[in-house]
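Shown below: model_10.cif, with mmCIF, C-alpha atoms; chains and numbers go by the auth columns.
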```cif
data_upload
loop_
_atom_site.group_PDB
_atom_site.id
_atom_site.type_symbol
_atom_site.label_atom_id
_atom_site.label_comp_id
_atom_site.label_asym_id
_atom_site.label_seq_id
_atom_site.Cartn_x
_atom_site.Cartn_y
_atom_site.Cartn_z
_atom_site.B_iso_or_equiv
_atom_site.auth_seq_id
_atom_site.auth_asym_id
ATOM 1 C CA MET A 1 -6.349 5.886 9.404 0.00 29 E
ATOM 2 C CA ASN A 2 -3.866 3.040 9.749 0.00 30 E
ATOM 3 C CA ILE A 3 -1.829 2.198 6.680 0.00 31 E
ATOM 4 C CA ALA A 4 0.445 -0.653 5.631 0.00 32 E
ATOM 5 C CA ILE A 5 3.071 0.030 2.984 0.00 33 E
ATOM 6 C CA LEU A 6 4.052 -3.022 0.937 0.00 34 E
ATOM 7 C CA GLY A 7 7.578 -2.326 -0.234 0.00 35 E
ATOM 8 C CA PHE A 8 10.163 0.091 1.068 0.00 36 E
ATOM 9 C CA GLY A 9 12.186 1.079 -1.968 0.00 37 E
ATOM 10 C CA THR A 10 12.243 4.577 -3.424 0.00 38 E
ATOM 11 C CA VAL A 11 8.458 5.013 -3.620 0.00 39 E
ATOM 12 C CA GLY A 12 7.658 3.266 -0.325 0.00 40 E
ATOM 13 C CA THR A 13 10.268 5.317 1.502 0.00 41 E
ATOM 14 C CA GLY A 14 8.826 8.474 -0.036 0.00 42 E
ATOM 15 C CA VAL A 15 5.298 7.607 1.057 0.00 43 E
ATOM 16 C CA TYR A 16 6.551 6.880 4.575 0.00 44 E
ATOM 17 C CA LYS A 17 8.436 10.178 4.839 0.00 45 E
ATOM 18 C CA ILE A 18 5.490 12.221 3.586 0.00 46 E
ATOM 19 C CA ILE A 19 3.107 10.641 6.092 0.00 47 E
ATOM 20 C CA LYS A 20 5.610 11.037 8.944 0.00 48 E
ATOM 21 C CA ARG A 21 6.020 14.750 8.165 0.00 49 E
ATOM 22 C CA ALA A 22 2.441 15.318 9.310 0.00 50 E
ATOM 23 C CA ASN A 23 0.713 18.211 7.648 0.00 51 E
ATOM 24 C CA ARG A 24 -2.970 19.084 7.412 0.00 52 E
ATOM 25 C CA GLN A 25 -3.597 16.333 4.840 0.00 53 E
ATOM 26 C CA THR A 26 -1.570 13.594 6.517 0.00 54 E
ATOM 27 C CA LYS A 27 -2.053 14.319 10.228 0.00 55 E
ATOM 28 C CA ASN A 28 -4.726 11.608 10.544 0.00 56 E
ATOM 29 C CA LEU A 29 -2.615 8.984 8.752 0.00 57 E
ATOM 30 C CA SER A 30 -0.447 6.505 10.567 0.00 58 E
ATOM 31 C CA VAL A 31 1.928 3.960 9.068 0.00 59 E
ATOM 32 C CA LYS A 32 1.292 0.864 11.148 0.00 60 E
ATOM 33 C CA TYR A 33 3.244 -1.613 9.022 0.00 61 E
ATOM 34 C CA ILE A 34 5.916 -1.688 6.364 0.00 62 E
ATOM 35 C CA LEU A 35 6.267 -5.032 4.608 0.00 63 E
ATOM 36 C CA ILE A 36 9.883 -5.913 3.878 0.00 64 E
ATOM 37 C CA ARG A 37 11.496 -8.940 2.235 0.00 65 E
ATOM 38 C CA LYS A 38 12.311 -11.929 4.432 0.00 66 E
ATOM 39 C CA ASN A 39 16.073 -11.415 4.082 0.00 67 E
ATOM 40 C CA LYS A 40 16.048 -7.705 4.970 0.00 68 E
ATOM 41 C CA PRO A 41 16.721 -6.436 8.499 0.00 69 E
ATOM 42 C CA ALA A 42 13.925 -4.482 10.200 0.00 70 E
ATOM 43 C CA THR A 43 15.339 -1.004 10.756 0.00 71 E
ATOM 44 C CA LYS A 44 12.074 0.655 11.795 0.00 72 E
ATOM 45 C CA PRO A 45 9.572 -0.527 14.398 0.00 73 E
ATOM 46 C CA GLU A 46 6.792 -0.660 11.781 0.00 74 E
ATOM 47 C CA MET A 47 8.681 -3.190 9.646 0.00 75 E
ATOM 48 C CA THR A 48 7.568 -6.793 9.315 0.00 76 E
ATOM 49 C CA ASP A 49 8.143 -9.603 6.855 0.00 77 E
ATOM 50 C CA ASP A 50 4.836 -11.274 7.762 0.00 78 E
ATOM 51 C CA LEU A 51 2.023 -10.397 5.348 0.00 79 E
ATOM 52 C CA ASN A 52 -0.505 -12.244 7.520 0.00 80 E
ATOM 53 C CA GLN A 53 0.266 -9.948 10.463 0.00 81 E
ATOM 54 C CA ILE A 54 -0.821 -7.074 8.235 0.00 82 E
ATOM 55 C CA LEU A 55 -3.872 -8.757 6.715 0.00 83 E
ATOM 56 C CA ASP A 56 -5.202 -10.089 10.020 0.00 84 E
ATOM 57 C CA ASP A 57 -5.037 -6.717 11.819 0.00 85 E
ATOM 58 C CA PRO A 58 -8.641 -5.473 12.239 0.00 86 E
ATOM 59 C CA ASP A 59 -7.387 -1.922 12.911 0.00 87 E
ATOM 60 C CA LEU A 60 -5.631 -1.646 9.548 0.00 88 E
ATOM 61 C CA ASP A 61 -7.619 0.374 7.001 0.00 89 E
ATOM 62 C CA VAL A 62 -5.506 0.713 3.860 0.00 90 E
ATOM 63 C CA VAL A 63 -2.768 -1.202 2.085 0.00 91 E
ATOM 64 C CA VAL A 64 -0.471 0.831 -0.169 0.00 92 E
ATOM 65 C CA GLU A 65 1.307 -1.469 -2.626 0.00 93 E
ATOM 66 C CA VAL A 66 4.522 0.057 -3.976 0.00 94 E
ATOM 67 C CA MET A 67 6.559 -3.079 -4.615 0.00 95 E
ATOM 68 C CA GLY A 68 6.337 -2.958 -8.377 0.00 96 E
ATOM 69 C CA GLY A 69 6.247 -5.896 -10.753 0.00 97 E
ATOM 70 C CA ILE A 70 3.535 -8.493 -11.217 0.00 98 E
ATOM 71 C CA GLU A 71 4.191 -11.075 -8.510 0.00 99 E
ATOM 72 C CA PRO A 72 3.948 -11.128 -5.584 0.00 100 E
ATOM 73 C CA ALA A 73 2.186 -7.736 -5.886 0.00 101 E
ATOM 74 C CA HIS A 74 -0.840 -9.317 -7.597 0.00 102 E
ATOM 75 C CA GLN A 75 -1.330 -11.933 -4.876 0.00 103 E
ATOM 76 C CA TYR A 76 -0.766 -9.415 -2.083 0.00 104 E
ATOM 77 C CA ILE A 77 -3.342 -7.017 -3.525 0.00 105 E
ATOM 78 C CA ILE A 78 -5.916 -9.800 -3.940 0.00 106 E
ATOM 79 C CA SER A 79 -5.267 -11.018 -0.384 0.00 107 E
ATOM 80 C CA ALA A 80 -5.647 -7.508 1.036 0.00 108 E
ATOM 81 C CA LEU A 81 -8.935 -6.957 -0.802 0.00 109 E
ATOM 82 C CA LYS A 82 -10.259 -10.338 0.378 0.00 110 E
ATOM 83 C CA HIS A 83 -9.354 -9.343 3.947 0.00 111 E
ATOM 84 C CA GLY A 84 -11.495 -6.220 3.636 0.00 112 E
ATOM 85 C CA LYS A 85 -8.656 -3.726 3.202 0.00 113 E
ATOM 86 C CA TYR A 86 -8.776 -0.801 0.809 0.00 114 E
ATOM 87 C CA VAL A 87 -5.847 -0.937 -1.601 0.00 115 E
ATOM 88 C CA ILE A 88 -3.922 1.847 -3.325 0.00 116 E
ATOM 89 C CA THR A 89 -1.225 1.137 -5.887 0.00 117 E
ATOM 90 C CA ALA A 90 0.909 2.969 -8.398 0.00 118 E
ATOM 91 C CA ASN A 91 2.086 -0.265 -10.005 0.00 119 E
ATOM 92 C CA ILE A 92 1.326 0.142 -13.708 0.00 120 E
ATOM 93 C CA ALA A 93 2.318 -3.423 -14.641 0.00 121 E
ATOM 94 C CA VAL A 94 -0.010 -5.146 -12.193 0.00 122 E
ATOM 95 C CA ILE A 95 -2.856 -2.717 -12.923 0.00 123 E
ATOM 96 C CA ALA A 96 -2.582 -3.345 -16.670 0.00 124 E
ATOM 97 C CA LYS A 97 -2.682 -7.103 -16.231 0.00 125 E
ATOM 98 C CA TYR A 98 -5.225 -7.526 -13.402 0.00 126 E
ATOM 99 C CA MET A 99 -7.437 -4.415 -13.273 0.00 127 E
ATOM 100 C CA ASP A 100 -10.684 -6.316 -13.870 0.00 128 E
ATOM 101 C CA GLU A 101 -9.861 -8.897 -11.210 0.00 129 E
ATOM 102 C CA PHE A 102 -8.975 -6.210 -8.660 0.00 130 E
ATOM 103 C CA THR A 103 -12.174 -4.237 -9.173 0.00 131 E
ATOM 104 C CA THR A 104 -14.296 -7.399 -9.049 0.00 132 E
ATOM 105 C CA VAL A 105 -12.679 -8.701 -5.841 0.00 133 E
ATOM 106 C CA ALA A 106 -12.898 -5.249 -4.237 0.00 134 E
ATOM 107 C CA ALA A 107 -16.629 -5.014 -5.010 0.00 135 E
ATOM 108 C CA GLU A 108 -17.232 -8.547 -3.703 0.00 136 E
ATOM 109 C CA ASN A 109 -15.589 -7.594 -0.406 0.00 137 E
ATOM 110 C CA GLY A 110 -17.110 -4.135 0.054 0.00 138 E
ATOM 111 C CA VAL A 111 -13.848 -2.213 -0.343 0.00 139 E
ATOM 112 C CA LYS A 112 -12.264 -0.013 -3.000 0.00 140 E
ATOM 113 C CA PHE A 113 -9.257 -0.469 -5.233 0.00 141 E
ATOM 114 C CA TYR A 114 -7.546 2.837 -6.018 0.00 142 E
ATOM 115 C CA PHE A 115 -4.724 3.451 -8.433 0.00 143 E
ATOM 116 C CA GLU A 116 -2.849 6.379 -9.846 0.00 144 E
ATOM 117 C CA SER A 117 0.511 6.517 -11.441 0.00 145 E
ATOM 118 C CA SER A 118 2.501 8.202 -14.126 0.00 146 E
ATOM 119 C CA VAL A 119 5.428 7.181 -16.243 0.00 147 E
ATOM 120 C CA GLY A 120 8.694 8.853 -15.341 0.00 148 E
ATOM 121 C CA GLY A 121 7.114 11.780 -13.527 0.00 149 E
ATOM 122 C CA GLY A 122 6.470 10.490 -10.032 0.00 150 E
ATOM 123 C CA ILE A 123 3.201 9.658 -8.372 0.00 151 E
ATOM 124 C CA PRO A 124 0.643 12.483 -8.448 0.00 152 E
ATOM 125 C CA TRP A 125 -1.215 11.625 -5.235 0.00 153 E
ATOM 126 C CA ILE A 126 2.039 11.641 -3.307 0.00 154 E
ATOM 127 C CA GLN A 127 3.016 14.995 -4.805 0.00 155 E
ATOM 128 C CA GLY A 128 -0.363 16.370 -3.735 0.00 156 E
ATOM 129 C CA LEU A 129 0.227 15.333 -0.137 0.00 157 E
ATOM 130 C CA ASP A 130 3.741 16.716 -0.207 0.00 158 E
ATOM 131 C CA ARG A 131 2.573 20.198 -1.249 0.00 159 E
ATOM 132 C CA ALA A 132 -0.032 20.569 1.501 0.00 160 E
#
```
Let me see the structure of the file written as structure tokens.
Amino acid sequence: MNIAILGFGTVGTGVYKIIKRANRQTKNLSVKYILIRKNKPATKPEMTDDLNQILDDPDLDVVVEVMGGIEPAHQYIISALKHGKYVITANIAVIAKYMDEFTTVAAENGVKFYFESSVGGGIPWIQGLDRA
């Protein structure tokens, strides 16, 4: 499964490291893209500042949004869903504000919108992968 990570701060870096440490739960996962800000240098071969490169890739299965905040996360999630990509996020703010829109757009495009997060305690689905 090919994954794009939108954001490479603390959470995005953690997701990347867990997937790269291949274990029985992550061995079939591959980080194909990491979306970085336009003014940031690409320090890994997967890094790009071009969202369209990610969205237009027919081999990309899942977009993991870990940017935080409302915008541009909201627009990026909607764009990914409209491009037929499954989306996973742990962004409480954007989920609280746009949950109905995300689930509607996902259903209209035959994909799923997944979310899971916690306040102050980390991200449970990442912890689950890390323990395997």
Query - Nearest to Asp85 in chain E by atom-to-atom distance, counting all atoms listed in the file, from E:Lys48, E:Lys140, E:Lys55, E:His111 - result: E:His111
Query - Nearest to Thr132 in chain E, chosen from E:Lys72, E:Lys45, E:Lys60, E:Lys110, with all atoms listed in the file counted in the distances - result: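 Checking each candidate against Thr132 in chain E, we get E:Lys110 as the closest.
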**Report entry** Expected residue set, 12 Å radius at (-13.8, -5.5, -2.6), only C-alpha atoms, as a PyMOL selection string
**Finding:** chain E and resi 105-115+128-142
Query raised in the report: From the list E:Leu63, E:Gln81, E:Arg49, E:Pro73, which residue is nearest Glu93 in chain E when using all atoms listed in the file?
Result: E:Leu63
Report summary line: From the list E:Ile82, E:Gly97, E:Ile116, E:Asp77, the nearest residue to Val43 in chain E using only C-alpha atoms is E:Ile116
Requested in this report: Considering only C-alpha atoms, state which residue in the set E:Val39, E:Leu34, E:Ala70, E:Leu57 is at the smallest distance from His102 in chain E.
Outcome: E:Leu34
Query raised in the report: Suppose you want the space between CA of Thr76 in chain E and CA of Tyr61 in chain E; what is it in Å?
Result: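 About the pair CA of Thr76 in chain E and CA of Tyr61 in chain E: they are 6.8 Å apart.
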Report task. Tell me, in Å to one decimal, how far CA of Leu88 in chain E is from CA of Phe36 in chain E. Result -> 18.0 Å
Shell of 8 Å around Gly96 in chain E, all atoms listed in the file, local chain residues under 4 positions omitted, as a PDB file with C-alpha atoms, in the frame of the given file:
```
ATOM      1  CA  ALA E 101       2.186  -7.736  -5.886  1.00  0.00           C
ATOM      2  CA  ASN E 119       2.086  -0.265 -10.005  1.00  0.00           C
ATOM      3  CA  ILE E 120       1.326   0.142 -13.708  1.00  0.00           C
ATOM      4  CA  ALA E 121       2.318  -3.423 -14.641  1.00  0.00           C
ATOM      5  CA  VAL E 122      -0.010  -5.146 -12.193  1.00  0.00           C
TER       6      VAL E 122
END
```
Report task. Can you work out the spacing between CA of Glu74 in chain E and CA of Ile47 in chain E in Å, to one decimal? Result -> 13.2 Å
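Selection check: the PyMOL selection byres ((chain E and resi 31) around 7) on the shown file gives E:Met29, E:Asn30, E:Ala32, E:Ile33, E:Ser58, E:Val59, E:Lys60, E:Tyr61, E:Leu88, E:Asp89, E:Val90, E:Val91.
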Work out where the centre of an axis-aligned box around every listed atom of range 81-89 of chain E lies and how long its edges are once 8 Å is added on each side; give both in Å to one decimal as AutoDock Vina command-line options.
```
--center_x -4.2 --center_y -4.9 --center_z 9.8 --size_x 24.9 --size_y 26.5 --size_z 22.2
```
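Restricting the calculation to only C-alpha atoms, the smallest distance between Tyr126 in chain E and any of E:Asn67, E:Thr38, E:Gln103, E:Asn80 is found for E:Gln103.
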